[in-house]
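One file, protein.pdb, carrying PDB, C-alpha atoms:
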ATOM      1  CA  MET K   2     -10.718 -13.008 -15.101  1.00  0.00           C
ATOM      2  CA  SER K   3      -7.039 -13.409 -14.426  1.00  0.00           C
ATOM      3  CA  GLN K   4      -5.066 -15.860 -16.472  1.00  0.00           C
ATOM      4  CA  ARG K   5      -2.292 -18.134 -15.321  1.00  0.00           C
ATOM      5  CA  TYR K   6       1.132 -17.409 -16.752  1.00  0.00           C
ATOM      6  CA  ASN K   7       4.007 -19.825 -16.257  1.00  0.00           C
ATOM      7  CA  ARG K   8       6.943 -17.593 -15.498  1.00  0.00           C
ATOM      8  CA  GLY K   9       8.910 -20.303 -13.684  1.00  0.00           C
ATOM      9  CA  ALA K  10      10.068 -20.084 -10.081  1.00  0.00           C
ATOM     10  CA  VAL K  11      11.325 -16.665  -8.989  1.00  0.00           C
ATOM     11  CA  GLU K  12      13.061 -18.493  -6.121  1.00  0.00           C
ATOM     12  CA  ASP K  13      15.418 -20.048  -8.677  1.00  0.00           C
ATOM     13  CA  PHE K  14      18.201 -17.500  -8.074  1.00  0.00           C
ATOM     14  CA  GLY K  15      20.187 -18.612 -11.126  1.00  0.00           C
ATOM     15  CA  ARG K  16      17.475 -17.161 -13.416  1.00  0.00           C
ATOM     16  CA  TRP K  17      17.719 -13.646 -11.972  1.00  0.00           C
ATOM     17  CA  ARG K  18      20.365 -12.551 -14.495  1.00  0.00           C
ATOM     18  CA  GLU K  19      17.945 -13.431 -17.302  1.00  0.00           C
ATOM     19  CA  PHE K  20      15.118 -11.235 -15.970  1.00  0.00           C
ATOM     20  CA  SER K  21      14.160  -8.174 -18.003  1.00  0.00           C
ATOM     21  CA  ALA K  22      13.347  -4.779 -16.463  1.00  0.00           C
ATOM     22  CA  GLY K  23       9.634  -5.575 -16.899  1.00  0.00           C
ATOM     23  CA  MET K  24      10.015  -8.812 -14.915  1.00  0.00           C
ATOM     24  CA  TRP K  25      11.829  -7.010 -12.075  1.00  0.00           C
ATOM     25  CA  ALA K  26       9.136  -4.299 -12.071  1.00  0.00           C
ATOM     26  CA  TRP K  27       6.460  -7.012 -11.774  1.00  0.00           C
ATOM     27  CA  ILE K  28       8.330  -8.728  -8.890  1.00  0.00           C
ATOM     28  CA  PHE K  29       8.975  -5.446  -7.027  1.00  0.00           C
ATOM     29  CA  HIS K  30       5.396  -4.241  -7.504  1.00  0.00           C
ATOM     30  CA  LYS K  31       4.055  -7.538  -6.172  1.00  0.00           C
ATOM     31  CA  PHE K  32       6.482  -7.585  -3.205  1.00  0.00           C
ATOM     32  CA  THR K  33       5.707  -3.966  -2.241  1.00  0.00           C
ATOM     33  CA  GLY K  34       1.991  -4.711  -2.624  1.00  0.00           C
ATOM     34  CA  TRP K  35       2.222  -7.641  -0.176  1.00  0.00           C
ATOM     35  CA  VAL K  36       4.084  -5.417   2.321  1.00  0.00           C
ATOM     36  CA  LEU K  37       1.525  -2.599   1.997  1.00  0.00           C
ATOM     37  CA  VAL K  38      -1.546  -4.816   2.431  1.00  0.00           C
ATOM     38  CA  GLY K  39       0.121  -6.495   5.431  1.00  0.00           C
ATOM     39  CA  TYR K  40       0.875  -3.086   6.896  1.00  0.00           C
ATOM     40  CA  LEU K  41      -2.723  -1.910   6.318  1.00  0.00           C
ATOM     41  CA  PHE K  42      -4.063  -4.646   8.609  1.00  0.00           C
ATOM     42  CA  THR K  43      -1.327  -3.901  11.210  1.00  0.00           C
ATOM     43  CA  HIS K  44      -2.014  -0.159  10.987  1.00  0.00           C
ATOM     44  CA  ILE K  45      -5.739  -0.549  11.710  1.00  0.00           C
ATOM     45  CA  ALA K  46      -4.905  -2.938  14.586  1.00  0.00           C
ATOM     46  CA  VAL K  47      -2.597  -0.326  16.195  1.00  0.00           C
ATOM     47  CA  LEU K  48      -5.057   2.538  15.586  1.00  0.00           C
ATOM     48  CA  SER K  49      -7.784   0.420  17.221  1.00  0.00           C
ATOM     49  CA  THR K  50      -6.368   1.592  20.567  1.00  0.00           C
ATOM     50  CA  ALA K  51      -8.437   4.735  19.822  1.00  0.00           C
ATOM     51  CA  THR K  52     -11.514   2.696  20.818  1.00  0.00           C
ATOM     52  CA  SER K  53      -9.964   2.228  24.298  1.00  0.00           C
ATOM     53  CA  GLY K  54      -9.616   5.926  24.970  1.00  0.00           C
ATOM     54  CA  ALA K  55      -7.357   8.903  24.373  1.00  0.00           C
ATOM     55  CA  ALA K  56      -4.618   7.821  26.811  1.00  0.00           C
ATOM     56  CA  ALA K  57      -4.287   4.335  25.302  1.00  0.00           C
ATOM     57  CA  TYR K  58      -4.083   5.771  21.757  1.00  0.00           C
ATOM     58  CA  THR K  59      -1.562   8.535  22.476  1.00  0.00           C
ATOM     59  CA  GLY K  60       0.499   6.264  24.775  1.00  0.00           C
ATOM     60  CA  THR K  61       0.703   3.466  22.188  1.00  0.00           C
ATOM     61  CA  ILE K  62       1.838   5.815  19.407  1.00  0.00           C
ATOM     62  CA  ARG K  63       4.346   7.598  21.667  1.00  0.00           C
ATOM     63  CA  THR K  64       5.806   4.256  22.836  1.00  0.00           C
ATOM     64  CA  LEU K  65       6.120   2.898  19.298  1.00  0.00           C
ATOM     65  CA  GLU K  66       7.665   6.133  17.987  1.00  0.00           C
ATOM     66  CA  SER K  67      10.275   6.091  20.783  1.00  0.00           C
ATOM     67  CA  LEU K  68      11.726   2.854  19.357  1.00  0.00           C
ATOM     68  CA  LEU K  69      14.482   3.312  16.782  1.00  0.00           C
ATOM     69  CA  ILE K  70      13.514   0.071  15.034  1.00  0.00           C
ATOM     70  CA  VAL K  71      10.007   1.462  14.417  1.00  0.00           C
ATOM     71  CA  ARG K  72      11.483   4.637  12.883  1.00  0.00           C
ATOM     72  CA  LEU K  73      13.719   2.527  10.620  1.00  0.00           C
ATOM     73  CA  LEU K  74      10.755   0.354   9.622  1.00  0.00           C
ATOM     74  CA  GLU K  75       8.839   3.553   8.779  1.00  0.00           C
ATOM     75  CA  VAL K  76      11.643   4.592   6.412  1.00  0.00           C
ATOM     76  CA  GLY K  77      11.327   1.141   4.816  1.00  0.00           C
ATOM     77  CA  LEU K  78       7.553   1.578   4.581  1.00  0.00           C
ATOM     78  CA  LEU K  79       8.019   4.945   2.878  1.00  0.00           C
ATOM     79  CA  ALA K  80      10.393   3.370   0.326  1.00  0.00           C
ATOM     80  CA  VAL K  81       7.904   0.578  -0.350  1.00  0.00           C
ATOM     81  CA  ALA K  82       4.962   3.013  -0.673  1.00  0.00           C
ATOM     82  CA  VAL K  83       6.841   5.467  -2.908  1.00  0.00           C
ATOM     83  CA  PHE K  84       8.004   2.701  -5.258  1.00  0.00           C
ATOM     84  CA  HIS K  85       4.485   1.196  -5.416  1.00  0.00           C
ATOM     85  CA  ILE K  86       3.024   4.637  -6.223  1.00  0.00           C
ATOM     86  CA  LEU K  87       5.638   5.541  -8.880  1.00  0.00           C
ATOM     87  CA  ASN K  88       5.604   2.120 -10.519  1.00  0.00           C
ATOM     88  CA  GLY K  89       1.796   2.181 -10.262  1.00  0.00           C
ATOM     89  CA  VAL K  90       1.721   5.436 -12.240  1.00  0.00           C
ATOM     90  CA  ARG K  91       4.049   3.762 -14.752  1.00  0.00           C
ATOM     91  CA  LEU K  92       1.635   0.789 -15.017  1.00  0.00           C
ATOM     92  CA  LEU K  93      -1.344   3.106 -15.548  1.00  0.00           C
ATOM     93  CA  PHE K  94       0.488   4.793 -18.426  1.00  0.00           C
ATOM     94  CA  VAL K  95       1.509   1.408 -19.884  1.00  0.00           C
ATOM     95  CA  ASP K  96      -2.136   0.251 -19.702  1.00  0.00           C
ATOM     96  CA  LEU K  97      -3.153   3.424 -21.560  1.00  0.00           C
ATOM     97  CA  GLY K  98      -0.545   2.606 -24.204  1.00  0.00           C
ATOM     98  CA  VAL K  99       1.578   5.613 -23.283  1.00  0.00           C
ATOM     99  CA  GLY K 100       5.360   5.164 -23.053  1.00  0.00           C
ATOM    100  CA  LEU K 101       5.343   1.506 -24.073  1.00  0.00           C
ATOM    101  CA  THR K 102       8.679   1.800 -25.831  1.00  0.00           C
ATOM    102  CA  SER K 103      10.358   3.269 -22.755  1.00  0.00           C
ATOM    103  CA  GLN K 104       8.649   1.249 -20.006  1.00  0.00           C
ATOM    104  CA  ASP K 105      12.013  -0.246 -18.972  1.00  0.00           C
ATOM    105  CA  ARG K 106      13.517   3.228 -18.544  1.00  0.00           C
ATOM    106  CA  SER K 107      10.471   4.415 -16.583  1.00  0.00           C
ATOM    107  CA  PHE K 108      11.030   1.452 -14.231  1.00  0.00           C
ATOM    108  CA  TYR K 109      14.635   2.556 -13.651  1.00  0.00           C
ATOM    109  CA  ALA K 110      13.402   6.141 -13.112  1.00  0.00           C
ATOM    110  CA  SER K 111      10.901   4.841 -10.494  1.00  0.00           C
ATOM    111  CA  LEU K 112      13.751   3.099  -8.666  1.00  0.00           C
ATOM    112  CA  ILE K 113      16.055   6.137  -8.715  1.00  0.00           C
ATOM    113  CA  LEU K 114      13.295   8.536  -7.627  1.00  0.00           C
ATOM    114  CA  THR K 115      12.256   6.141  -4.827  1.00  0.00           C
ATOM    115  CA  GLY K 116      15.864   6.039  -3.601  1.00  0.00           C
ATOM    116  CA  ALA K 117      16.206   9.832  -3.721  1.00  0.00           C
ATOM    117  CA  ILE K 118      12.901  10.505  -1.888  1.00  0.00           C
ATOM    118  CA  THR K 119      13.692   7.852   0.736  1.00  0.00           C
ATOM    119  CA  VAL K 120      17.205   9.176   1.445  1.00  0.00           C
ATOM    120  CA  ALA K 121      15.908  12.775   1.605  1.00  0.00           C
ATOM    121  CA  SER K 122      13.219  11.691   4.113  1.00  0.00           C
ATOM    122  CA  VAL K 123      15.567   9.919   6.549  1.00  0.00           C
ATOM    123  CA  PRO K 124      16.298  13.029   8.716  1.00  0.00           C
ATOM    124  CA  THR K 125      12.541  13.713   9.115  1.00  0.00           C
ATOM    125  CA  PHE K 126      11.759  10.109  10.031  1.00  0.00           C
ATOM    126  CA  LEU K 127      14.610   9.724  12.513  1.00  0.00           C
ATOM    127  CA  ALA K 128      14.253  13.157  14.188  1.00  0.00           C
ATOM    128  CA  GLY K 129      14.248  12.754  17.971  1.00  0.00           C
ATOM    129  CA  ALA K 130      14.980   9.018  17.850  1.00  0.00           C
ATOM    130  CA  VAL K 131      18.774   9.081  17.471  1.00  0.00           C
TER     131      VAL K 131
ATOM    132  CA  MET C   2      11.523  -2.661 -25.461  1.00  0.00           C
ATOM    133  CA  ALA C   3      11.497  -4.881 -22.399  1.00  0.00           C
ATOM    134  CA  GLU C   4       8.526  -7.187 -21.975  1.00  0.00           C
ATOM    135  CA  HIS C   5       5.624  -5.895 -19.841  1.00  0.00           C
ATOM    136  CA  TYR C   6       4.181  -8.155 -17.128  1.00  0.00           C
ATOM    137  CA  SER C   7       0.980  -7.972 -15.077  1.00  0.00           C
ATOM    138  CA  SER C   8      -0.945 -10.281 -12.742  1.00  0.00           C
ATOM    139  CA  PHE C   9      -4.197  -8.987 -14.245  1.00  0.00           C
ATOM    140  CA  GLU C  10      -5.880  -9.687 -17.563  1.00  0.00           C
ATOM    141  CA  ARG C  11      -6.619  -6.338 -19.156  1.00  0.00           C
ATOM    142  CA  GLY C  12     -10.235  -5.348 -19.636  1.00  0.00           C
ATOM    143  CA  GLY C  13     -11.779  -7.389 -16.809  1.00  0.00           C
ATOM    144  CA  ARG C  14     -13.926  -5.872 -14.055  1.00  0.00           C
ATOM    145  CA  ARG C  15     -11.348  -6.561 -11.314  1.00  0.00           C
ATOM    146  CA  TRP C  16      -8.641  -5.077 -13.555  1.00  0.00           C
ATOM    147  CA  LEU C  17     -10.690  -1.895 -14.077  1.00  0.00           C
ATOM    148  CA  LEU C  18     -11.557  -1.491 -10.368  1.00  0.00           C
ATOM    149  CA  GLN C  19      -7.891  -2.063  -9.489  1.00  0.00           C
ATOM    150  CA  ARG C  20      -6.921   0.813 -11.830  1.00  0.00           C
ATOM    151  CA  LEU C  21      -9.690   3.154 -10.624  1.00  0.00           C
ATOM    152  CA  THR C  22      -8.794   2.599  -6.952  1.00  0.00           C
ATOM    153  CA  ALA C  23      -5.109   3.014  -7.893  1.00  0.00           C
ATOM    154  CA  VAL C  24      -5.742   6.508  -9.263  1.00  0.00           C
ATOM    155  CA  PHE C  25      -7.562   7.496  -6.057  1.00  0.00           C
ATOM    156  CA  LEU C  26      -4.894   5.885  -3.834  1.00  0.00           C
ATOM    157  CA  ILE C  27      -1.981   7.654  -5.544  1.00  0.00           C
ATOM    158  CA  GLY C  28      -3.353  10.945  -4.222  1.00  0.00           C
ATOM    159  CA  THR C  29      -4.647   9.791  -0.832  1.00  0.00           C
ATOM    160  CA  LEU C  30      -1.613   7.657   0.129  1.00  0.00           C
ATOM    161  CA  ALA C  31       0.801  10.461  -0.762  1.00  0.00           C
ATOM    162  CA  PHE C  32      -1.404  12.970   1.145  1.00  0.00           C
ATOM    163  CA  HIS C  33      -1.634  10.644   4.187  1.00  0.00           C
ATOM    164  CA  PHE C  34       2.133  10.098   4.348  1.00  0.00           C
ATOM    165  CA  PHE C  35       2.889  13.789   3.818  1.00  0.00           C
ATOM    166  CA  LEU C  36       0.389  15.047   6.418  1.00  0.00           C
ATOM    167  CA  LEU C  37       1.258  12.534   9.153  1.00  0.00           C
ATOM    168  CA  HIS C  38       5.035  12.388   8.744  1.00  0.00           C
ATOM    169  CA  PHE C  39       6.123  15.725   7.305  1.00  0.00           C
ATOM    170  CA  VAL C  40       3.460  18.288   8.344  1.00  0.00           C
ATOM    171  CA  ASN C  41       2.565  16.556  11.642  1.00  0.00           C
ATOM    172  CA  HIS C  42       5.402  14.276  12.784  1.00  0.00           C
ATOM    173  CA  ALA C  43       4.240  10.771  13.734  1.00  0.00           C
ATOM    174  CA  ALA C  44       6.034  11.019  17.117  1.00  0.00           C
ATOM    175  CA  GLU C  45       3.952  14.090  18.014  1.00  0.00           C
ATOM    176  CA  ILE C  46       0.561  12.551  17.202  1.00  0.00           C
ATOM    177  CA  THR C  47      -1.965  12.800  20.030  1.00  0.00           C
ATOM    178  CA  PHE C  48      -5.579  11.736  20.324  1.00  0.00           C
ATOM    179  CA  ALA C  49      -6.628  15.400  20.530  1.00  0.00           C
ATOM    180  CA  GLY C  50      -4.826  16.190  17.253  1.00  0.00           C
ATOM    181  CA  THR C  51      -6.307  13.135  15.554  1.00  0.00           C
ATOM    182  CA  GLN C  52      -9.774  14.077  16.811  1.00  0.00           C
ATOM    183  CA  ALA C  53      -9.391  17.646  15.510  1.00  0.00           C
ATOM    184  CA  ARG C  54      -8.612  16.296  12.017  1.00  0.00           C
ATOM    185  CA  MET C  55     -11.261  13.559  12.057  1.00  0.00           C
ATOM    186  CA  SER C  56     -13.941  16.016  13.226  1.00  0.00           C
ATOM    187  CA  GLN C  57     -13.765  17.703   9.830  1.00  0.00           C
ATOM    188  CA  VAL C  58     -16.362  16.093   7.569  1.00  0.00           C
ATOM    189  CA  GLY C  59     -14.222  16.286   4.420  1.00  0.00           C
ATOM    190  CA  TYR C  60     -11.167  14.743   6.112  1.00  0.00           C
ATOM    191  CA  PHE C  61     -13.295  12.028   7.778  1.00  0.00           C
ATOM    192  CA  ALA C  62     -14.950  11.111   4.468  1.00  0.00           C
ATOM    193  CA  THR C  63     -11.591  11.085   2.658  1.00  0.00           C
ATOM    194  CA  MET C  64     -10.067   8.758   5.272  1.00  0.00           C
ATOM    195  CA  VAL C  65     -13.028   6.349   5.153  1.00  0.00           C
ATOM    196  CA  LEU C  66     -12.891   6.275   1.333  1.00  0.00           C
ATOM    197  CA  PHE C  67      -9.116   5.814   1.596  1.00  0.00           C
ATOM    198  CA  LEU C  68      -9.687   2.805   3.880  1.00  0.00           C
ATOM    199  CA  VAL C  69     -12.272   1.244   1.545  1.00  0.00           C
ATOM    200  CA  ALA C  70     -10.190   1.849  -1.605  1.00  0.00           C
ATOM    201  CA  ALA C  71      -6.933   0.613  -0.002  1.00  0.00           C
ATOM    202  CA  THR C  72      -8.626  -2.520   1.374  1.00  0.00           C
ATOM    203  CA  PHE C  73     -10.214  -3.365  -1.972  1.00  0.00           C
ATOM    204  CA  HIS C  74      -6.992  -2.632  -3.880  1.00  0.00           C
ATOM    205  CA  GLY C  75      -4.895  -4.735  -1.477  1.00  0.00           C
ATOM    206  CA  VAL C  76      -7.248  -7.703  -1.192  1.00  0.00           C
ATOM    207  CA  ASN C  77      -8.030  -7.694  -4.943  1.00  0.00           C
ATOM    208  CA  GLY C  78      -4.293  -7.485  -5.663  1.00  0.00           C
ATOM    209  CA  VAL C  79      -3.510 -10.469  -3.433  1.00  0.00           C
ATOM    210  CA  TYR C  80      -6.394 -12.483  -4.957  1.00  0.00           C
ATOM    211  CA  ASN C  81      -5.276 -11.794  -8.531  1.00  0.00           C
ATOM    212  CA  ALA C  82      -1.646 -12.542  -7.675  1.00  0.00           C
ATOM    213  CA  LEU C  83      -2.695 -15.930  -6.248  1.00  0.00           C
ATOM    214  CA  VAL C  84      -4.954 -16.724  -9.241  1.00  0.00           C
ATOM    215  CA  ASN C  85      -2.051 -15.738 -11.466  1.00  0.00           C
ATOM    216  CA  GLN C  86       0.178 -18.183  -9.562  1.00  0.00           C
ATOM    217  CA  GLY C  87      -2.226 -21.005 -10.407  1.00  0.00           C
ATOM    218  CA  LEU C  88      -4.952 -21.012  -7.732  1.00  0.00           C
ATOM    219  CA  GLU C  89      -7.946 -22.958  -9.079  1.00  0.00           C
ATOM    220  CA  GLY C  90     -11.226 -24.681  -8.206  1.00  0.00           C
ATOM    221  CA  THR C  91     -12.248 -25.052  -4.549  1.00  0.00           C
ATOM    222  CA  GLN C  92      -9.034 -23.477  -3.275  1.00  0.00           C
ATOM    223  CA  LYS C  93      -9.735 -20.402  -5.397  1.00  0.00           C
ATOM    224  CA  LYS C  94     -13.276 -20.119  -3.986  1.00  0.00           C
ATOM    225  CA  VAL C  95     -12.112 -20.596  -0.370  1.00  0.00           C
ATOM    226  CA  VAL C  96      -9.237 -18.088  -0.711  1.00  0.00           C
ATOM    227  CA  GLY C  97     -11.583 -15.613  -2.439  1.00  0.00           C
ATOM    228  CA  GLY C  98     -14.130 -15.994   0.392  1.00  0.00           C
ATOM    229  CA  VAL C  99     -11.500 -15.629   3.144  1.00  0.00           C
ATOM    230  CA  LEU C 100     -10.010 -12.549   1.476  1.00  0.00           C
ATOM    231  CA  ALA C 101     -13.432 -10.950   0.943  1.00  0.00           C
ATOM    232  CA  LEU C 102     -14.392 -11.600   4.578  1.00  0.00           C
ATOM    233  CA  SER C 103     -11.024 -10.239   5.800  1.00  0.00           C
ATOM    234  CA  GLY C 104     -11.537  -7.107   3.732  1.00  0.00           C
ATOM    235  CA  ILE C 105     -15.078  -6.555   5.043  1.00  0.00           C
ATOM    236  CA  LEU C 106     -13.936  -7.054   8.669  1.00  0.00           C
ATOM    237  CA  LEU C 107     -11.040  -4.626   8.155  1.00  0.00           C
ATOM    238  CA  ILE C 108     -13.381  -1.970   6.756  1.00  0.00           C
ATOM    239  CA  VAL C 109     -15.880  -2.464   9.610  1.00  0.00           C
ATOM    240  CA  GLN C 110     -13.122  -2.207  12.236  1.00  0.00           C
ATOM    241  CA  GLY C 111     -11.556   0.768  10.421  1.00  0.00           C
ATOM    242  CA  ILE C 112     -14.901   2.626  10.457  1.00  0.00           C
ATOM    243  CA  ARG C 113     -15.297   1.825  14.193  1.00  0.00           C
ATOM    244  CA  VAL C 114     -11.837   3.335  14.749  1.00  0.00           C
ATOM    245  CA  ALA C 115     -12.671   6.371  12.592  1.00  0.00           C
ATOM    246  CA  LEU C 116     -15.878   6.999  14.584  1.00  0.00           C
ATOM    247  CA  ALA C 117     -13.959   6.699  17.890  1.00  0.00           C
ATOM    248  CA  MET C 118     -11.331   9.125  16.587  1.00  0.00           C
ATOM    249  CA  ALA C 119     -14.012  11.623  15.569  1.00  0.00           C
ATOM    250  CA  GLY C 120     -15.687  11.265  18.987  1.00  0.00           C
ATOM    251  CA  ILE C 121     -18.954  10.062  17.443  1.00  0.00           C
TER     252      ILE C 121
END
Encoded form (structure tokens):
Amino acid sequence: MSQRYNRGAVEDFGRWREFSAGMWAWIFHKFTGWVLVGYLFTHIAVLSTATSGAAAYTGTIRTLESLLIVRLLEVGLLAVAVFHILNGVRLLFVDLGVGLTSQDRSFYASLILTGAITVASVPTFLAGAV
Amino acid sequence: MAEHYSSFERGGRRWLLQRLTAVFLIGTLAFHFFLLHFVNHAAEITFAGTQARMSQVGYFATMVLFLVAATFHGVNGVYNALVNQGLEGTQKKVVGGVLALSGILLIVQGIRVALAMAGI
């Protein structure tokens, strides 16, 4: 069973300077998790056009991919997914007791690697849309 | 060392299943993104291409398992985050029921979509 921890209100912006790397990692992992589960439901809803036939499916995807805002949102989705994966690997190691003393540095490494992968992927994601 | 935080209590069944699905999802999510954005660009996806991939038994099975694991991981994550925020009693039961039902409906619809994609 999960336990309740009183960490105070995250919305209290004045506390942000007091947060440790571990607290930021927890907030980012939770935020990216909410985005990913929300996207999962949206993704299946869009792909459901496949049940209406080939033309509806291909047409829907082509229309969405022709919109620049969709391409930009996809870059955002990649950033969210990459961070959740990298920080997830970090959490698995922490749970196994590996790298406990450097879990703050592994959080910073997750952030930097997420940024690098996202920036490197921008040309691929925006190809043909700009 | 900075303090480590989690929404899960270590050692519980939901904690273990969250970790096991996480290991599977690390591979499948990365594979899914790579295949459908870098190998095949999303803008060039067609029903025929999707059907060619989904007609392969191994790919079809991987995608269905991916759907089930991602749904469980997402819904279980949301539930534990809410419990961690202080959800209790009747509210906890109602939210748990709604999330479980949402997850089951998503998996059912996802399998319907997968079957349509495979032309079954």
List as a PDB file with C-alpha atoms, keeping the file's coordinate frame: which residues have an atom within 12 Å of (-14.6, 4.0, 13.8), counting only C-alpha atoms?
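Heads up, here's the output in part_1.pdb:
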ATOM      1  CA  ILE K  45      -5.739  -0.549  11.710  1.00  0.00           C
ATOM      2  CA  ALA K  46      -4.905  -2.938  14.586  1.00  0.00           C
ATOM      3  CA  LEU K  48      -5.057   2.538  15.586  1.00  0.00           C
ATOM      4  CA  SER K  49      -7.784   0.420  17.221  1.00  0.00           C
ATOM      5  CA  THR K  50      -6.368   1.592  20.567  1.00  0.00           C
ATOM      6  CA  ALA K  51      -8.437   4.735  19.822  1.00  0.00           C
ATOM      7  CA  THR K  52     -11.514   2.696  20.818  1.00  0.00           C
ATOM      8  CA  SER K  53      -9.964   2.228  24.298  1.00  0.00           C
TER       9      SER K  53
ATOM     10  CA  GLN C  52      -9.774  14.077  16.811  1.00  0.00           C
ATOM     11  CA  MET C  55     -11.261  13.559  12.057  1.00  0.00           C
ATOM     12  CA  PHE C  61     -13.295  12.028   7.778  1.00  0.00           C
ATOM     13  CA  ALA C  62     -14.950  11.111   4.468  1.00  0.00           C
ATOM     14  CA  MET C  64     -10.067   8.758   5.272  1.00  0.00           C
ATOM     15  CA  VAL C  65     -13.028   6.349   5.153  1.00  0.00           C
ATOM     16  CA  LEU C  68      -9.687   2.805   3.880  1.00  0.00           C
ATOM     17  CA  LEU C 107     -11.040  -4.626   8.155  1.00  0.00           C
ATOM     18  CA  ILE C 108     -13.381  -1.970   6.756  1.00  0.00           C
ATOM     19  CA  VAL C 109     -15.880  -2.464   9.610  1.00  0.00           C
ATOM     20  CA  GLN C 110     -13.122  -2.207  12.236  1.00  0.00           C
ATOM     21  CA  GLY C 111     -11.556   0.768  10.421  1.00  0.00           C
ATOM     22  CA  ILE C 112     -14.901   2.626  10.457  1.00  0.00           C
ATOM     23  CA  ARG C 113     -15.297   1.825  14.193  1.00  0.00           C
ATOM     24  CA  VAL C 114     -11.837   3.335  14.749  1.00  0.00           C
ATOM     25  CA  ALA C 115     -12.671   6.371  12.592  1.00  0.00           C
ATOM     26  CA  LEU C 116     -15.878   6.999  14.584  1.00  0.00           C
ATOM     27  CA  ALA C 117     -13.959   6.699  17.890  1.00  0.00           C
ATOM     28  CA  MET C 118     -11.331   9.125  16.587  1.00  0.00           C
ATOM     29  CA  ALA C 119     -14.012  11.623  15.569  1.00  0.00           C
ATOM     30  CA  GLY C 120     -15.687  11.265  18.987  1.00  0.00           C
ATOM     31  CA  ILE C 121     -18.954  10.062  17.443  1.00  0.00           C
TER      32      ILE C 121
END
**Q.** Counting all atoms listed in the file, chain C residues within 9 Å of chain K, as a ChimeraX atom specification
**A.** /C:2-16,20,23-24,26-27,30-31,34,38-39,42-49,68,71-72,74-76,78-79,81-82,84-88,107,110-111,113-118
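Computed from the coordinates, the CA of Val76 in chain K to CA of Val120 in chain K distance equals 8.8 Å.
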Q: Measure the distance from CA of Asn77 in chain C to CA of Leu97 in chain K in Å and round it to one decimal.
A: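 So the two atoms, CA of Asn77 in chain C and CA of Leu97 in chain K, lie 20.6 Å apart.
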Q) For Leu78 in chain K, which of K:Phe29, K:Gly116, K:Arg16, K:Tyr40 is the closest residue, counting all atoms listed in the file? A)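 When distances to Leu78 in chain K are compared using all atoms listed in the file, the smallest one comes from K:Tyr40.
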Q: Determine, counting only C-alpha atoms, which protein, DNA and RNA residues have an atom within 7 Å of an atom of Phe84 in chain K; residues of the same chain fewer than 4 positions away are not included. Present the result as a VMD selection string.
A: chain K and resid 80 88 111 to 112 115
